[in-house]
Amino acid sequence: CRMLEKYNIAWVEDMVPWQYTDQYVRLQSATSIPVCTGEDIYLKENFRPLLESGGVSVIHPDVLTAGGILELKKIGDMAGEYGVAMAVHMAESPVGCMAAAHVCAATENFMALEFHSQDCPWWNDIVSGTGKPQIRDGFIEITDRPGLGIDGLCDEVLSEHLKPGSGLWEPTD
């Protein structure tokens, strides 16, 4: 990390497994770069040791792996109590993206929402009801309509991009 300090990067991420709180404390005290982890952490109480110890400057939870919309909001609020920013991990569909965006808009210490699908030309076409493109100039418009602002899934787009031999909405028993 010391070699990277001159580049003024936003943070270093997941340098060790998140369960090793003591190692995060050592890492955080050894560098001026903010230290971040959290995309694999489930539920608020599992973030607490990292926050209480001062081992992270940024948390990076994911709405789908942290426990959902309400749990992500609780995680962000708890991090704010420790002066820790929240950068949300998001490698999901437009549905997951809107869920994360709604939490981000409602969380005071929100810093950034990660996005992985910029190279997927049909990503915006998976849902109807949101603006096209869903992300415009680095921003997501949050609707004032009930729910996430998504009218529906576009089955024909999803069907075009399924793994060969699989079907849409198959039973999961």
# chains A, B, ... in the order shown; residues from 1 in each chain; ligands from 1
call {"tool": "residues_around", "arguments": {"residues": "Ala106 of chain A", "least_positions_apart": "5", "cutoff": "12 Å", "atoms": "only C-alpha atoms", "output": "list in words"}}
result
Ile69, Leu70, Leu72, Lys73, Lys74, Gly76, Asp77, Met86, Ala99, Ala100, Ala101, Met111 and Ile142 of chain A
call {"tool": "select_by_dssp", "arguments": {"residues": "segment 16-72 of chain A", "states": "helix (DSSP H, G or I)", "output": "JSON, numbers by chain"}}
result
{"A": [21, 22, 23, 24, 25, 26, 27, 28, 29, 30, 44, 45, 46, 48, 49, 50, 51, 52, 53, 63, 64, 65, 66, 69, 70, 71, 72]}
call {"tool": "closest_residue", "arguments": {"among": "A:Asn124, A:Gln134, A:Ser29, A:Thr143", "to": "Val157 of chain A", "atoms": "only C-alpha atoms"}}
result
A:Asn124
call {"tool": "atom_distance", "arguments": {"atom1": "atom CA of Ile150 of chain A", "atom2": "atom CA of Val127 of chain A"}}
result
6.6 Å
call {"tool": "select_by_dssp", "arguments": {"residues": "segment 6-169 of chain A", "states": "strand (DSSP E or B)", "output": "list in words"}}
result
Val12, Glu13, Val35, Cys36, Thr37, Val58, Ile59, Asp62, Ala85, Met86, Ala87, Val88, His89, Phe110, Met111, Ala112, Leu113, Val127, Ser128, Ile135, Arg136, Phe139, Ile140, Gly152 and Leu153 of chain A
call {"tool": "residues_around", "arguments": {"residues": "Cys36 of chain A", "least_positions_apart": "4", "cutoff": "7 Å", "atoms": "only C-alpha atoms", "output": "VMD selection string"}}
result
chain A and resid 11 to 14 56 to 60
call {"tool": "residues_around", "arguments": {"residues": "Gly55 of chain A", "least_positions_apart": "6", "cutoff": "6 Å", "atoms": "only C-alpha atoms", "output": "MDAnalysis selection string"}}
result
chainID A and resid 24:25 28
call {"tool": "closest_residue", "arguments": {"among": "A:Ala79, A:Leu64, A:Thr130, A:Ala30", "to": "Arg48 of chain A", "atoms": "only C-alpha atoms"}}
result
A:Ala79
call {"tool": "atom_distance", "arguments": {"atom1": "atom CA of Val88 of chain A", "atom2": "atom CA of Asn46 of chain A"}}
result
16.1 Å
call {"tool": "residues_around", "arguments": {"residues": "Gly138 of chain A", "least_positions_apart": "3", "cutoff": "10 Å", "atoms": "only C-alpha atoms", "output": "short mmCIF file (atom, residue, chain, number, x, y, z; two decimals) with N, CA, C and O atoms, in the first residue's frame"}}
result
data_model
loop_
_atom_site.label_atom_id
_atom_site.label_comp_id
_atom_site.auth_asym_id
_atom_site.auth_seq_id
_atom_site.Cartn_x
_atom_site.Cartn_y
_atom_site.Cartn_z
N LEU A 113 -21.65 4.08 -5.98
CA LEU A 113 -22.32 2.84 -6.33
C LEU A 113 -21.55 2.22 -7.50
O LEU A 113 -21.48 2.80 -8.58
N PHE A 115 -20.54 -0.22 -10.59
CA PHE A 115 -21.31 -0.68 -11.74
C PHE A 115 -20.42 -1.51 -12.65
O PHE A 115 -19.33 -1.07 -13.02
N GLN A 134 -30.40 3.58 -18.03
CA GLN A 134 -30.70 3.69 -16.61
C GLN A 134 -29.66 4.56 -15.90
O GLN A 134 -29.99 5.32 -15.00
N ILE A 135 -28.42 4.45 -16.32
CA ILE A 135 -27.35 5.27 -15.78
C ILE A 135 -26.97 6.27 -16.86
O ILE A 135 -26.54 5.90 -17.95
#
call {"tool": "atom_distance", "arguments": {"atom1": "atom CA of Val35 of chain A", "atom2": "atom CA of Asp62 of chain A"}}
result
16.8 Å
call {"tool": "closest_residue", "arguments": {"among": "A:Val63, A:Leu50, A:Ile75, A:Leu168", "to": "His89 of chain A", "atoms": "only C-alpha atoms"}}
result
A:Val63
call {"tool": "closest_residue", "arguments": {"among": "A:Ala112, A:Gly67, A:Gly38, A:Glu45", "to": "Ala10 of chain A", "atoms": "only C-alpha atoms"}}
result
A:Ala112
call {"tool": "decode", "arguments": {"residues": "segment 120-131 of chain A", "atoms": "all heavy atoms", "output": "JSON list (two decimals), in the first residue's frame"}}
result
[["chain", "number", "residue", "atom", "x", "y", "z"],
["A", 120, "CYS", "N", -22.25, -4.26, -21.51],
["A", 120, "CYS", "CA", -23.35, -5.14, -21.87],
["A", 120, "CYS", "C", -24.42, -4.31, -22.57],
["A", 120, "CYS", "O", -25.19, -3.59, -21.93],
["A", 120, "CYS", "CB", -23.92, -5.79, -20.61],
["A", 120, "CYS", "SG", -25.29, -6.91, -20.95],
["A", 121, "PRO", "N", -24.48, -4.37, -23.90],
["A", 121, "PRO", "CA", -25.37, -3.47, -24.64],
["A", 121, "PRO", "C", -26.85, -3.67, -24.38],
["A", 121, "PRO", "O", -27.65, -2.77, -24.60],
["A", 121, "PRO", "CB", -25.03, -3.76, -26.11],
["A", 121, "PRO", "CG", -24.41, -5.11, -26.11],
["A", 121, "PRO", "CD", -23.73, -5.27, -24.77],
["A", 122, "TRP", "N", -27.26, -4.82, -23.89],
["A", 122, "TRP", "CA", -28.67, -5.10, -23.67],
["A", 122, "TRP", "C", -29.08, -4.98, -22.20],
["A", 122, "TRP", "O", -30.23, -5.21, -21.84],
["A", 122, "TRP", "CB", -29.04, -6.47, -24.22],
["A", 122, "TRP", "CG", -28.09, -7.57, -23.83],
["A", 122, "TRP", "CD1", -26.96, -7.96, -24.49],
["A", 122, "TRP", "CD2", -28.18, -8.40, -22.67],
["A", 122, "TRP", "NE1", -26.34, -8.98, -23.83],
["A", 122, "TRP", "CE2", -27.08, -9.28, -22.70],
["A", 122, "TRP", "CE3", -29.09, -8.51, -21.63],
["A", 122, "TRP", "CZ2", -26.84, -10.23, -21.72],
["A", 122, "TRP", "CZ3", -28.86, -9.46, -20.65],
["A", 122, "TRP", "CH2", -27.75, -10.31, -20.71],
["A", 123, "TRP", "N", -28.17, -4.58, -21.31],
["A", 123, "TRP", "CA", -28.44, -4.49, -19.87],
["A", 123, "TRP", "C", -29.65, -3.60, -19.58],
["A", 123, "TRP", "O", -30.53, -3.97, -18.81],
["A", 123, "TRP", "CB", -27.19, -3.98, -19.15],
["A", 123, "TRP", "CG", -27.26, -4.02, -17.65],
["A", 123, "TRP", "CD1", -26.99, -5.10, -16.86],
["A", 123, "TRP", "CD2", -27.62, -2.96, -16.77],
["A", 123, "TRP", "NE1", -27.15, -4.77, -15.54],
["A", 123, "TRP", "CE2", -27.53, -3.45, -15.46],
["A", 123, "TRP", "CE3", -27.99, -1.64, -16.96],
["A", 123, "TRP", "CZ2", -27.81, -2.68, -14.35],
["A", 123, "TRP", "CZ3", -28.27, -0.86, -15.85],
["A", 123, "TRP", "CH2", -28.18, -1.38, -14.56],
["A", 124, "ASN", "N", -29.73, -2.44, -20.20],
["A", 124, "ASN", "CA", -30.84, -1.51, -19.98],
["A", 124, "ASN", "C", -32.17, -2.04, -20.48],
["A", 124, "ASN", "O", -33.22, -1.56, -20.07],
["A", 124, "ASN", "CB", -30.56, -0.17, -20.66],
["A", 124, "ASN", "CG", -29.56, 0.65, -19.89],
["A", 124, "ASN", "OD1", -29.82, 1.11, -18.79],
["A", 124, "ASN", "ND2", -28.39, 0.83, -20.47],
["A", 125, "ASP", "N", -32.14, -3.01, -21.38],
["A", 125, "ASP", "CA", -33.37, -3.53, -21.99],
["A", 125, "ASP", "C", -34.01, -4.67, -21.19],
["A", 125, "ASP", "O", -35.09, -5.13, -21.53],
["A", 125, "ASP", "CB", -33.07, -4.03, -23.42],
["A", 125, "ASP", "CG", -32.55, -2.90, -24.29],
["A", 125, "ASP", "OD1", -32.98, -1.75, -24.10],
["A", 125, "ASP", "OD2", -31.70, -3.18, -25.15],
["A", 126, "ILE", "N", -33.36, -5.10, -20.11],
["A", 126, "ILE", "CA", -33.89, -6.20, -19.29],
["A", 126, "ILE", "C", -35.18, -5.80, -18.60],
["A", 126, "ILE", "O", -36.05, -6.63, -18.36],
["A", 126, "ILE", "CB", -32.83, -6.67, -18.27],
["A", 126, "ILE", "CG1", -31.62, -7.28, -18.99],
["A", 126, "ILE", "CG2", -33.42, -7.65, -17.27],
["A", 126, "ILE", "CD1", -30.46, -7.59, -18.07],
["A", 127, "VAL", "N", -35.32, -4.52, -18.27],
["A", 127, "VAL", "CA", -36.51, -4.05, -17.55],
["A", 127, "VAL", "C", -37.20, -2.95, -18.34],
["A", 127, "VAL", "O", -36.61, -2.30, -19.20],
["A", 127, "VAL", "CB", -36.16, -3.52, -16.13],
["A", 127, "VAL", "CG1", -35.60, -4.62, -15.26],
["A", 127, "VAL", "CG2", -35.21, -2.34, -16.21],
["A", 128, "SER", "N", -38.46, -2.72, -18.00],
["A", 128, "SER", "CA", -39.19, -1.59, -18.55],
["A", 128, "SER", "C", -39.58, -0.67, -17.40],
["A", 128, "SER", "O", -39.71, -1.12, -16.26],
["A", 128, "SER", "CB", -40.44, -2.05, -19.30],
["A", 128, "SER", "OG", -41.31, -2.74, -18.42],
["A", 129, "GLY", "N", -39.75, 0.59, -17.71],
["A", 129, "GLY", "CA", -40.20, 1.56, -16.71],
["A", 129, "GLY", "C", -39.13, 2.51, -16.22],
["A", 129, "GLY", "O", -39.44, 3.57, -15.72],
["A", 130, "THR", "N", -37.87, 2.12, -16.35],
["A", 130, "THR", "CA", -36.80, 3.03, -15.93],
["A", 130, "THR", "C", -36.37, 3.86, -17.14],
["A", 130, "THR", "O", -36.68, 3.54, -18.28],
["A", 130, "THR", "CB", -35.57, 2.25, -15.40],
["A", 130, "THR", "OG1", -35.04, 1.46, -16.46],
["A", 130, "THR", "CG2", -35.94, 1.37, -14.24],
["A", 131, "GLY", "N", -35.64, 4.91, -16.87],
["A", 131, "GLY", "CA", -35.10, 5.70, -17.97],
["A", 131, "GLY", "C", -34.11, 4.89, -18.79],
["A", 131, "GLY", "O", -33.52, 3.94, -18.31]]
